Amino acid sequence: MKWTRKHLIGLEDLSAEEITHILDTAETFREVSTRSIKKVPALQGRTVVNMFFEPSTRTNLSFSVAARRLSADTLAFSKAGTSVSKGETMVDTAKNIEAMGVDIMVLRHTAAGAPRLLAQNVGCSVVNAGDGQHEHPTQALLDLATIRQVRGKIDGLKVGIVGDISHSRVARSNIWGLTKLGAKVMVVGPATMIPPEIERLGVEVCHDMDKATAECDVLNMLRIQFERQSGGNPFPSIREYTRMFGLTQERIDRFKRHDLTVMHPGPVNRGIELAPEVADGPQSVILKQVENGVAIRMAVLYLVAGAAEQSRESS
Amino acid sequence: MNNLLITGAHVIDPSQSLDGPADILIINGKIEFVGSAEEAKSKAPDNLKEIDAKGLIATPGLIDIHVHFREPGMSEEETVASGSAAAVAGGFTSVACMPNTDPALDSEADMNFITREAKKANLAWVFPVGAITNRREGKELAEMGNMSRGGAVGFSDDGSAVPTAGLLRRAMTYAKMLDKPILEHCEDHTLAGDGAMNEGFVSTILGLPGIPAEAEEVIVARDLALARLTGCRLHLQHLSTIGSVEMVRRAKSEGIAVTAEVCPHHLVLSEEDVRGYDPNYKVNPPLRTASDIEACLQGLKDGTLDVIASDHAPHLDDEKELEFGNAPCGMIGLETTLGVLLTHLVHTGKITLKELIAPMTCNPSDVLRLNRGRLEKGLQGDVTLINPELEWTVDPAKFRSKSRNCPFNGKTLKGRAVATIVGGKVVYRAE
């Protein structure tokens, strides 16, 4: 297929065919990272800027590595906290950076909808690296790539997403991607962490980790984000959360689920949502996810740059 | 001085069930006569100024009892003068301005300030609403008696509900003594939290924190109980949910002295409009669901909701160009309310013109006892002339308001005020 999108804002916007195209493109790039000279000239002369308005380590690094393996020049800008009415807004900042000659902006922001606002205000490509509680498309794409790599398919699998669904952009992007590619999705967590009417996205809601462990082919264990909880914790104690929703070896053994695939977007709260022996055990694909993250981000940067090139040529 | 004869109009005055051709004679700024052309002519003095209003609808001057004029403190967003200009350009002859300014309007001097600024502007009648509590902090009562002497027509901590039932009870008991209504912004802040839009499927998809309908409804329920307890007149501002409308309907049938208002945007826009993350659609209470819109419309038709008010809330472009979650709530409405409602409610057959005009004239006048909103002999000569068929495009560059935060920018509307008359003087004419 021909890729025509200049921006990647969210998986809600993409068709199954487009998602599969990104996954296929990423597979060809995965090989690059195994070479001794890990570089291809695809984005030579292009400039990619990481604009991070929220702290991040691995997504920031992963995008930088991806851009450099494509031979792009990279810049990084990060600013803790959000711009408010007093002082420079994100759009002001972005326009200034764009004026330096930038081809792709990779944006991480605390506010949902920020990448769309940016795309409306700049001429270059915009790639969403996570916006508030809305979407984190490259994380979901790397999750999909990992599932496809490990299980050989996505269609027909049952994937459980466990944790704070309400505050999770990873969950939202995964739900869009998984359902579009034919997987069944179960969201698992305390009732206070499940957003209203999420069933209407075609997912099953479950508050029973035993049931989730017994039924799912893949469990994606979200990080409990203590920093996101306004108005007090949505559950009584970490001890209770871990007992009710933590994934332990005992739970896996009890249901004889040695075929289960265990994922985590990181960083792991060891011993809270995920027991250390499971995180480091044979069913964990956490490091594969990180590996695929680079390949997926290479694919996304490559595709949006190509689409931008085409639109420049045709205009 | 300020004598005027308006000829050839179709007059709609729901307070007197007027709905037909009539001439309107204004003498010395007051309504003198409304009726047949011959009789009007016979009562008119010589050399009278006349307006030919053939093909137009004449209504009592429109009244909007919920506007924010941002003075003092935020005069770059709006002033009493610019707000008055926006009011008359939208067909409004009287407005009531809310006290959530910086500092809040919580003293007799503040009431005098608003009245003085309005007199200087000399366009519309501007009635100040005083704060219920000092600095709108929700702690102790403000000087409601002194503010009444200064011209306060009611009291509100608009922007927030009075936080505790005990304090609100005291405020209502005191306001009843002064024979003034309490105007409540119904929102439980512990339920609303840092919400940016209606809570539901759309907020789940957009990843924006939601405000459930119940954040409004728990305060409506509390306030209705206190209205029953105290006997104070209670006016519920900008109601937006099915549950609120149902509770007010029941309270009215029980004889509780309650009135309620609805905003134009809650009658024509829904949470679906937020999908583009355009901060011009961010408002509090948030845009709700199609069923809520239907309930509000039903409430308007059966009289449960007495008043249409714009909640005209100016904000700078800079603030509204932020990300949705970081942008302030509110939209301006004075210059679009009439056009929006004619276009989306009257021309679509959802309500009649008469059903639209009562909540914009006599009803709001009665809530605040303004003694306006009727074309009755002896009352102020306030008249709005409307061309219901005129198509126009909302052009933010043409707003009289200092702000442009309006979701209807660029939209084509059908119908608008073409002349606004205050005290017998033409203060606005559409070009």
# chains A, B, ... in the order shown; residues from 1 in each chain; ligands from 1
>>> select_by_dssp(residues="region 254-423 of chain B", states="strand (DSSP E)", output="list in words")
Val258, Thr259, Ala260, Glu261, Val262, Val307, Ile308, Val383, Thr384, Leu385, Ile386, Asn387, Pro388, Glu389, Leu390, Glu391, Trp392, Thr393, Thr412, Leu413, Lys414, Gly415, Arg416, Ala417, Val418, Ala419, Thr420, Ile421 and Val422 of chain B
>>> closest_atom_pairs(of="chain A", to="chain B", cutoff="8 Å", atoms="only C-alpha atoms", output="Markdown table")
| residue | atom | partner | partner_atom | distance |
| --- | --- | --- | --- | --- |
| A:Val84 | CA | B:Asn326 | CA | 6.9 |
| A:Ser85 | CA | B:Glu319 | CA | 5.4 |
| A:Thr89 | CA | B:Leu322 | CA | 6.8 |
| A:Met90 | CA | B:Leu322 | CA | 7.6 |
| A:Ala111 | CA | B:Gly325 | CA | 5.9 |
| A:Ala112 | CA | B:Gly207 | CA | 6.2 |
| A:Gly113 | CA | B:Tyr277 | CA | 5.9 |
| A:Ala114 | CA | B:Glu323 | CA | 5.6 |
| A:Leu117 | CA | B:Glu323 | CA | 7.0 |
| A:Gly132 | CA | B:Gly207 | CA | 7.0 |
| A:Gln133 | CA | B:Gly207 | CA | 4.5 |
| A:His134 | CA | B:Gly207 | CA | 3.9 |
| A:Glu135 | CA | B:Gly207 | CA | 7.6 |
| A:Ser166 | CA | B:Thr204 | CA | 7.6 |
| A:His167 | CA | B:Gly207 | CA | 7.5 |
| A:Arg169 | CA | B:Gly207 | CA | 7.2 |
| A:Arg172 | CA | B:Ile205 | CA | 7.3 |
| A:Pro195 | CA | B:Thr204 | CA | 5.9 |
| A:Pro196 | CA | B:Gly200 | CA | 5.5 |
| A:Glu197 | CA | B:Phe201 | CA | 5.1 |
| A:Ile198 | CA | B:Phe201 | CA | 6.6 |
| A:Arg200 | CA | B:Phe201 | CA | 7.4 |
| A:Gly231 | CA | B:Gly193 | CA | 7.7 |
>>> write_last_selection(atoms="C-alpha atoms", output="mmCIF file, in the first residue's frame")
data_model
loop_
_atom_site.group_PDB
_atom_site.id
_atom_site.type_symbol
_atom_site.label_atom_id
_atom_site.label_comp_id
_atom_site.auth_asym_id
_atom_site.auth_seq_id
_atom_site.Cartn_x
_atom_site.Cartn_y
_atom_site.Cartn_z
ATOM 1 C CA VAL A 84 0.130 28.090 30.745
ATOM 2 C CA SER A 85 -1.369 31.415 29.799
ATOM 3 C CA THR A 89 2.674 28.353 24.803
ATOM 4 C CA MET A 90 3.555 25.033 23.205
ATOM 5 C CA ALA A 111 -2.407 17.503 27.581
ATOM 6 C CA ALA A 112 -4.664 15.252 25.511
ATOM 7 C CA GLY A 113 -5.065 16.635 21.999
ATOM 8 C CA ALA A 114 -1.736 18.512 22.014
ATOM 9 C CA LEU A 117 -3.113 21.240 18.001
ATOM 10 C CA GLY A 132 -2.083 13.084 28.313
ATOM 11 C CA GLN A 133 -4.461 10.192 28.793
ATOM 12 C CA HIS A 134 -5.386 10.095 25.112
ATOM 13 C CA GLU A 135 -3.034 8.028 22.915
ATOM 14 C CA SER A 166 -8.698 5.423 33.081
ATOM 15 C CA HIS A 167 -5.404 7.268 33.070
ATOM 16 C CA ARG A 169 -2.933 6.384 26.913
ATOM 17 C CA ARG A 172 -6.445 3.455 24.645
ATOM 18 C CA PRO A 195 -13.316 4.726 32.431
ATOM 19 C CA PRO A 196 -17.052 5.062 31.775
ATOM 20 C CA GLU A 197 -18.632 3.297 28.808
ATOM 21 C CA ILE A 198 -15.367 1.699 27.691
ATOM 22 C CA ARG A 200 -18.617 0.619 23.731
ATOM 23 C CA GLY A 231 -7.956 13.278 44.628
#
>>> residues_around(residues="region 10-12 of chain B", least_positions_apart="6", cutoff="12 Å", atoms="only C-alpha atoms", output="VMD selection string")
chain B and resid 18 to 24 34 to 37 52 to 62 352 to 358 360 to 362 373 to 375 383 to 388
>>> atom_distance(atom1="CA of Val187 (chain A)", atom2="CA of Ala26 (chain A)")
26.9 Å
>>> atom_distance(atom1="CA of Leu239 (chain B)", atom2="CA of Leu183 (chain B)")
11.8 Å
>>> atom_distance(atom1="CA of Asn112 (chain B)", atom2="CA of Ser160 (chain B)")
23.7 Å
>>> residues_around(residues="Glu217 (chain B)", least_positions_apart="4", cutoff="9 Å", atoms="only C-alpha atoms", output="PDB file with N, CA, C and O atoms, in the first residue's frame")
ATOM      1  N   CYS B 186     -24.347  25.405  39.874  1.00  0.00           N
ATOM      2  CA  CYS B 186     -24.493  24.084  40.481  1.00  0.00           C
ATOM      3  C   CYS B 186     -23.370  23.156  40.052  1.00  0.00           C
ATOM      4  O   CYS B 186     -23.386  22.595  38.960  1.00  0.00           O
ATOM      5  N   GLU B 187     -22.397  23.008  40.913  1.00  0.00           N
ATOM      6  CA  GLU B 187     -21.277  22.117  40.593  1.00  0.00           C
ATOM      7  C   GLU B 187     -20.607  21.662  41.886  1.00  0.00           C
ATOM      8  O   GLU B 187     -20.115  22.495  42.647  1.00  0.00           O
ATOM      9  N   ASP B 188     -20.603  20.373  42.104  1.00  0.00           N
ATOM     10  CA  ASP B 188     -19.859  19.822  43.233  1.00  0.00           C
ATOM     11  C   ASP B 188     -18.412  19.654  42.780  1.00  0.00           C
ATOM     12  O   ASP B 188     -18.121  18.815  41.915  1.00  0.00           O
ATOM     13  N   ALA B 213     -22.678  14.210  34.995  1.00  0.00           N
ATOM     14  CA  ALA B 213     -23.909  14.988  35.174  1.00  0.00           C
ATOM     15  C   ALA B 213     -24.212  15.152  36.657  1.00  0.00           C
ATOM     16  O   ALA B 213     -24.714  16.183  37.103  1.00  0.00           O
ATOM     17  N   ALA B 221     -30.018  19.145  43.859  1.00  0.00           N
ATOM     18  CA  ALA B 221     -30.844  18.491  44.877  1.00  0.00           C
ATOM     19  C   ALA B 221     -30.693  19.185  46.232  1.00  0.00           C
ATOM     20  O   ALA B 221     -31.678  19.479  46.921  1.00  0.00           O
ATOM     21  N   ARG B 222     -29.470  19.489  46.606  1.00  0.00           N
ATOM     22  CA  ARG B 222     -29.205  20.167  47.883  1.00  0.00           C
ATOM     23  C   ARG B 222     -29.867  21.540  47.908  1.00  0.00           C
ATOM     24  O   ARG B 222     -30.538  21.913  48.879  1.00  0.00           O
ATOM     25  N   THR B 241     -28.478  19.099  32.492  1.00  0.00           N
ATOM     26  CA  THR B 241     -28.662  17.637  32.481  1.00  0.00           C
ATOM     27  C   THR B 241     -30.135  17.231  32.645  1.00  0.00           C
ATOM     28  O   THR B 241     -30.954  17.984  33.170  1.00  0.00           O
ATOM     29  N   GLY B 243     -31.315  15.017  34.671  1.00  0.00           N
ATOM     30  CA  GLY B 243     -31.661  14.919  36.090  1.00  0.00           C
ATOM     31  C   GLY B 243     -31.991  16.269  36.696  1.00  0.00           C
ATOM     32  O   GLY B 243     -32.936  16.392  37.488  1.00  0.00           O
ATOM     33  N   SER B 244     -31.237  17.310  36.320  1.00  0.00           N
ATOM     34  CA  SER B 244     -31.501  18.644  36.850  1.00  0.00           C
ATOM     35  C   SER B 244     -32.887  19.120  36.418  1.00  0.00           C
ATOM     36  O   SER B 244     -33.656  19.649  37.220  1.00  0.00           O
ATOM     37  N   MET B 247     -35.585  17.333  38.364  1.00  0.00           N
ATOM     38  CA  MET B 247     -35.706  17.771  39.766  1.00  0.00           C
ATOM     39  C   MET B 247     -36.393  19.128  39.864  1.00  0.00           C
ATOM     40  O   MET B 247     -37.203  19.361  40.761  1.00  0.00           O
TER      41      MET B 247
END
>>> residues_around(residues="Gly339 (chain B)", least_positions_apart="4", cutoff="6 Å", atoms="only C-alpha atoms", output="PyMOL selection string")
chain B and resi 343+413+415-416
>>> residues_around(residues="Thr115 (chain B)", least_positions_apart="4", cutoff="8 Å", atoms="only C-alpha atoms", output="ChimeraX atom specification")
/B:111,119,126-128,151
>>> write_last_selection(atoms="N, CA, C and O atoms", output="PDB file, in the first residue's frame")
ATOM      1  N   MET B 111     -21.034  47.583  43.440  1.00  0.00           N
ATOM      2  CA  MET B 111     -22.303  47.702  42.726  1.00  0.00           C
ATOM      3  C   MET B 111     -22.376  49.080  42.053  1.00  0.00           C
ATOM      4  O   MET B 111     -22.755  49.208  40.895  1.00  0.00           O
ATOM      5  N   LYS B 119     -23.571  53.498  32.978  1.00  0.00           N
ATOM      6  CA  LYS B 119     -24.122  54.816  32.614  1.00  0.00           C
ATOM      7  C   LYS B 119     -23.191  55.521  31.643  1.00  0.00           C
ATOM      8  O   LYS B 119     -23.626  56.179  30.707  1.00  0.00           O
ATOM      9  N   VAL B 126     -27.358  47.656  32.708  1.00  0.00           N
ATOM     10  CA  VAL B 126     -26.492  46.616  33.271  1.00  0.00           C
ATOM     11  C   VAL B 126     -26.781  46.511  34.764  1.00  0.00           C
ATOM     12  O   VAL B 126     -26.593  47.477  35.508  1.00  0.00           O
ATOM     13  N   PHE B 127     -27.269  45.355  35.184  1.00  0.00           N
ATOM     14  CA  PHE B 127     -27.624  45.144  36.586  1.00  0.00           C
ATOM     15  C   PHE B 127     -26.572  44.279  37.257  1.00  0.00           C
ATOM     16  O   PHE B 127     -26.288  43.173  36.788  1.00  0.00           O
ATOM     17  N   PRO B 128     -25.986  44.753  38.336  1.00  0.00           N
ATOM     18  CA  PRO B 128     -24.964  43.934  38.996  1.00  0.00           C
ATOM     19  C   PRO B 128     -25.567  42.862  39.906  1.00  0.00           C
ATOM     20  O   PRO B 128     -26.566  43.096  40.585  1.00  0.00           O
ATOM     21  N   GLY B 151     -27.760  48.504  44.527  1.00  0.00           N
ATOM     22  CA  GLY B 151     -28.376  48.115  43.257  1.00  0.00           C
ATOM     23  C   GLY B 151     -28.228  46.659  42.871  1.00  0.00           C
ATOM     24  O   GLY B 151     -28.596  46.271  41.758  1.00  0.00           O
TER      25      GLY B 151
END
>>> residues_around(residues="Leu4 (chain B)", least_positions_apart="6", cutoff="10 Å", atoms="only C-alpha atoms", output="NGL selection string")
:B and (24-32 or 44-45 or 47-51 or 381 or 421 or 423-426)
>>> write_last_selection(atoms="C-alpha atoms", output="compact mmCIF listing (two decimals), in the first residue's frame")
# COMPACT_ATOMS: atom_id res chain seq x y z
CA ILE B 24 -45.28 50.90 19.25
CA LEU B 25 -45.24 54.45 20.56
CA ILE B 26 -42.54 55.51 22.99
CA ILE B 27 -42.81 58.90 24.73
CA ASN B 28 -40.05 60.26 26.96
CA GLY B 29 -38.28 56.96 26.83
CA LYS B 30 -41.28 55.00 28.16
CA ILE B 31 -43.79 52.79 26.39
CA GLU B 32 -46.89 54.88 25.75
CA ALA B 44 -48.25 60.69 18.76
CA PRO B 45 -46.91 64.21 19.06
CA ASN B 47 -42.33 65.75 14.44
CA LEU B 48 -41.94 62.33 15.93
CA LYS B 49 -39.05 60.14 14.89
CA GLU B 50 -40.36 57.05 13.13
CA ILE B 51 -38.87 53.68 12.35
CA GLY B 381 -39.10 51.90 26.03
CA ILE B 421 -33.84 50.41 21.21
CA GLY B 423 -35.32 53.88 26.58
CA GLY B 424 -36.67 55.05 23.23
CA LYS B 425 -33.20 55.59 21.79
CA VAL B 426 -31.81 53.53 18.92
>>> select_by_dssp(residues="region 61-214 of chain B", states="alpha helix (DSSP H)", output="MDAnalysis selection string")
chainID B and resid 80:89 108:121 144:149 165:177 189:192 201:206 213:214
>>> closest_atom_pairs(of="region 15-107 of chain A", to="region 143-153 of chain A", cutoff="12 Å", atoms="only C-alpha atoms", output="tab-separated table")
residue	atom	partner	partner_atom	distance
A:Ala16	CA	A:Leu144	CA	11.8
A:Ile19	CA	A:Leu144	CA	9.2
A:Thr20	CA	A:Ala145	CA	9.2
A:His21	CA	A:Ala145	CA	11.1
A:Ile22	CA	A:Ala145	CA	9.2
A:Leu23	CA	A:Ala145	CA	5.9
A:Asp24	CA	A:Ala145	CA	8.7
A:Thr25	CA	A:Ala145	CA	10.5
A:Ala26	CA	A:Ala145	CA	8.1
A:Glu27	CA	A:Ala145	CA	8.3
A:Thr28	CA	A:Ala145	CA	12.0
A:Arg30	CA	A:Ala145	CA	10.5
>>> closest_residue(among="A:Ala279, A:Val185, A:Leu8, A:Ala171", to="Gln249 (chain A)", atoms="only C-alpha atoms")
A:Ala279
>>> closest_residue(among="B:Arg404, B:Lys350, B:His344, B:Arg149", to="Gln298 (chain B)", atoms="only C-alpha atoms")
B:Lys350
>>> decode(residues="region 194-207 of chain A", atoms="all heavy atoms", output="PDB file, in the first residue's frame")
ATOM      1  N   ILE A 194     -11.477   2.066  35.779  1.00  0.00           N
ATOM      2  CA  ILE A 194     -12.030   1.744  34.456  1.00  0.00           C
ATOM      3  C   ILE A 194     -12.870   2.946  34.005  1.00  0.00           C
ATOM      4  O   ILE A 194     -13.779   3.361  34.713  1.00  0.00           O
ATOM      5  CB  ILE A 194     -12.937   0.481  34.526  1.00  0.00           C
ATOM      6  CG1 ILE A 194     -12.183  -0.710  35.137  1.00  0.00           C
ATOM      7  CG2 ILE A 194     -13.498   0.158  33.148  1.00  0.00           C
ATOM      8  CD1 ILE A 194     -11.100  -1.298  34.282  1.00  0.00           C
ATOM      9  N   PRO A 195     -12.567   3.530  32.848  1.00  0.00           N
ATOM     10  CA  PRO A 195     -13.316   4.726  32.431  1.00  0.00           C
ATOM     11  C   PRO A 195     -14.737   4.377  31.989  1.00  0.00           C
ATOM     12  O   PRO A 195     -14.995   3.247  31.576  1.00  0.00           O
ATOM     13  CB  PRO A 195     -12.493   5.264  31.265  1.00  0.00           C
ATOM     14  CG  PRO A 195     -11.754   4.090  30.726  1.00  0.00           C
ATOM     15  CD  PRO A 195     -11.525   3.170  31.890  1.00  0.00           C
ATOM     16  N   PRO A 196     -15.652   5.337  32.096  1.00  0.00           N
ATOM     17  CA  PRO A 196     -17.052   5.062  31.775  1.00  0.00           C
ATOM     18  C   PRO A 196     -17.255   4.651  30.321  1.00  0.00           C
ATOM     19  O   PRO A 196     -16.597   5.171  29.432  1.00  0.00           O
ATOM     20  CB  PRO A 196     -17.759   6.390  32.070  1.00  0.00           C
ATOM     21  CG  PRO A 196     -16.689   7.420  32.097  1.00  0.00           C
ATOM     22  CD  PRO A 196     -15.439   6.724  32.513  1.00  0.00           C
ATOM     23  N   GLU A 197     -18.164   3.719  30.138  1.00  0.00           N
ATOM     24  CA  GLU A 197     -18.632   3.297  28.808  1.00  0.00           C
ATOM     25  C   GLU A 197     -17.534   2.741  27.915  1.00  0.00           C
ATOM     26  O   GLU A 197     -17.644   2.767  26.689  1.00  0.00           O
ATOM     27  CB  GLU A 197     -19.361   4.453  28.102  1.00  0.00           C
ATOM     28  CG  GLU A 197     -20.550   4.955  28.924  1.00  0.00           C
ATOM     29  CD  GLU A 197     -21.380   6.000  28.170  1.00  0.00           C
ATOM     30  OE1 GLU A 197     -21.697   5.754  26.999  1.00  0.00           O
ATOM     31  OE2 GLU A 197     -21.698   7.039  28.770  1.00  0.00           O
ATOM     32  N   ILE A 198     -16.464   2.232  28.513  1.00  0.00           N
ATOM     33  CA  ILE A 198     -15.367   1.699  27.691  1.00  0.00           C
ATOM     34  C   ILE A 198     -15.825   0.459  26.917  1.00  0.00           C
ATOM     35  O   ILE A 198     -15.282   0.141  25.863  1.00  0.00           O
ATOM     36  CB  ILE A 198     -14.123   1.395  28.563  1.00  0.00           C
ATOM     37  CG1 ILE A 198     -12.919   1.034  27.679  1.00  0.00           C
ATOM     38  CG2 ILE A 198     -14.379   0.265  29.544  1.00  0.00           C
ATOM     39  CD1 ILE A 198     -11.739   1.889  27.863  1.00  0.00           C
ATOM     40  N   GLU A 199     -16.869  -0.219  27.411  1.00  0.00           N
ATOM     41  CA  GLU A 199     -17.398  -1.394  26.698  1.00  0.00           C
ATOM     42  C   GLU A 199     -17.785  -1.043  25.272  1.00  0.00           C
ATOM     43  O   GLU A 199     -17.747  -1.892  24.385  1.00  0.00           O
ATOM     44  CB  GLU A 199     -18.648  -1.960  27.406  1.00  0.00           C
ATOM     45  CG  GLU A 199     -18.422  -2.417  28.832  1.00  0.00           C
ATOM     46  CD  GLU A 199     -18.642  -1.301  29.854  1.00  0.00           C
ATOM     47  OE1 GLU A 199     -18.563  -0.115  29.458  1.00  0.00           O
ATOM     48  OE2 GLU A 199     -18.880  -1.624  31.031  1.00  0.00           O
ATOM     49  N   ARG A 200     -18.174   0.218  25.073  1.00  0.00           N
ATOM     50  CA  ARG A 200     -18.617   0.619  23.731  1.00  0.00           C
ATOM     51  C   ARG A 200     -17.483   0.586  22.714  1.00  0.00           C
ATOM     52  O   ARG A 200     -17.725   0.707  21.518  1.00  0.00           O
ATOM     53  CB  ARG A 200     -19.269   2.008  23.780  1.00  0.00           C
ATOM     54  CG  ARG A 200     -20.662   1.947  24.409  1.00  0.00           C
ATOM     55  CD  ARG A 200     -21.290   3.319  24.557  1.00  0.00           C
ATOM     56  NE  ARG A 200     -21.426   4.026  23.285  1.00  0.00           N
ATOM     57  CZ  ARG A 200     -21.751   5.313  23.195  1.00  0.00           C
ATOM     58  NH1 ARG A 200     -21.973   6.021  24.280  1.00  0.00           N
ATOM     59  NH2 ARG A 200     -21.869   5.898  22.019  1.00  0.00           N
ATOM     60  N   LEU A 201     -16.241   0.432  23.185  1.00  0.00           N
ATOM     61  CA  LEU A 201     -15.130   0.244  22.249  1.00  0.00           C
ATOM     62  C   LEU A 201     -14.984  -1.232  21.881  1.00  0.00           C
ATOM     63  O   LEU A 201     -14.036  -1.614  21.198  1.00  0.00           O
ATOM     64  CB  LEU A 201     -13.825   0.761  22.860  1.00  0.00           C
ATOM     65  CG  LEU A 201     -13.694   2.282  22.962  1.00  0.00           C
ATOM     66  CD1 LEU A 201     -12.414   2.656  23.701  1.00  0.00           C
ATOM     67  CD2 LEU A 201     -13.689   2.905  21.578  1.00  0.00           C
ATOM     68  N   GLY A 202     -15.913  -2.039  22.345  1.00  0.00           N
ATOM     69  CA  GLY A 202     -15.862  -3.463  21.998  1.00  0.00           C
ATOM     70  C   GLY A 202     -14.936  -4.269  22.879  1.00  0.00           C
ATOM     71  O   GLY A 202     -14.409  -5.297  22.452  1.00  0.00           O
ATOM     72  N   VAL A 203     -14.711  -3.809  24.111  1.00  0.00           N
ATOM     73  CA  VAL A 203     -13.846  -4.556  25.016  1.00  0.00           C
ATOM     74  C   VAL A 203     -14.665  -5.127  26.174  1.00  0.00           C
ATOM     75  O   VAL A 203     -15.751  -4.638  26.479  1.00  0.00           O
ATOM     76  CB  VAL A 203     -12.695  -3.677  25.571  1.00  0.00           C
ATOM     77  CG1 VAL A 203     -11.924  -3.028  24.438  1.00  0.00           C
ATOM     78  CG2 VAL A 203     -13.216  -2.618  26.536  1.00  0.00           C
ATOM     79  N   GLU A 204     -14.101  -6.174  26.778  1.00  0.00           N
ATOM     80  CA  GLU A 204     -14.747  -6.780  27.938  1.00  0.00           C
ATOM     81  C   GLU A 204     -14.107  -6.183  29.198  1.00  0.00           C
ATOM     82  O   GLU A 204     -12.890  -6.027  29.256  1.00  0.00           O
ATOM     83  CB  GLU A 204     -14.494  -8.297  27.860  1.00  0.00           C
ATOM     84  CG  GLU A 204     -15.062  -9.108  28.991  1.00  0.00           C
ATOM     85  CD  GLU A 204     -14.620 -10.584  28.887  1.00  0.00           C
ATOM     86  OE1 GLU A 204     -14.045 -10.989  27.849  1.00  0.00           O
ATOM     87  OE2 GLU A 204     -14.845 -11.315  29.876  1.00  0.00           O
ATOM     88  N   VAL A 205     -14.942  -5.851  30.187  1.00  0.00           N
ATOM     89  CA  VAL A 205     -14.408  -5.313  31.439  1.00  0.00           C
ATOM     90  C   VAL A 205     -14.379  -6.426  32.479  1.00  0.00           C
ATOM     91  O   VAL A 205     -15.344  -7.181  32.616  1.00  0.00           O
ATOM     92  CB  VAL A 205     -15.273  -4.133  31.943  1.00  0.00           C
ATOM     93  CG1 VAL A 205     -14.815  -3.684  33.329  1.00  0.00           C
ATOM     94  CG2 VAL A 205     -15.217  -2.970  30.962  1.00  0.00           C
ATOM     95  N   CYS A 206     -13.273  -6.539  33.187  1.00  0.00           N
ATOM     96  CA  CYS A 206     -13.121  -7.634  34.149  1.00  0.00           C
ATOM     97  C   CYS A 206     -12.453  -7.098  35.416  1.00  0.00           C
ATOM     98  O   CYS A 206     -11.514  -6.304  35.348  1.00  0.00           O
ATOM     99  CB  CYS A 206     -12.273  -8.731  33.516  1.00  0.00           C
ATOM    100  SG  CYS A 206     -11.819 -10.057  34.627  1.00  0.00           S
ATOM    101  N   HIS A 207     -12.960  -7.508  36.562  1.00  0.00           N
ATOM    102  CA  HIS A 207     -12.350  -7.095  37.829  1.00  0.00           C
ATOM    103  C   HIS A 207     -11.715  -8.285  38.556  1.00  0.00           C
ATOM    104  O   HIS A 207     -11.475  -8.226  39.742  1.00  0.00           O
ATOM    105  CB  HIS A 207     -13.398  -6.429  38.732  1.00  0.00           C
ATOM    106  CG  HIS A 207     -14.134  -5.307  38.077  1.00  0.00           C
ATOM    107  ND1 HIS A 207     -13.501  -4.193  37.575  1.00  0.00           N
ATOM    108  CD2 HIS A 207     -15.449  -5.125  37.815  1.00  0.00           C
ATOM    109  CE1 HIS A 207     -14.401  -3.371  37.042  1.00  0.00           C
ATOM    110  NE2 HIS A 207     -15.586  -3.925  37.173  1.00  0.00           N
TER     111      HIS A 207
END
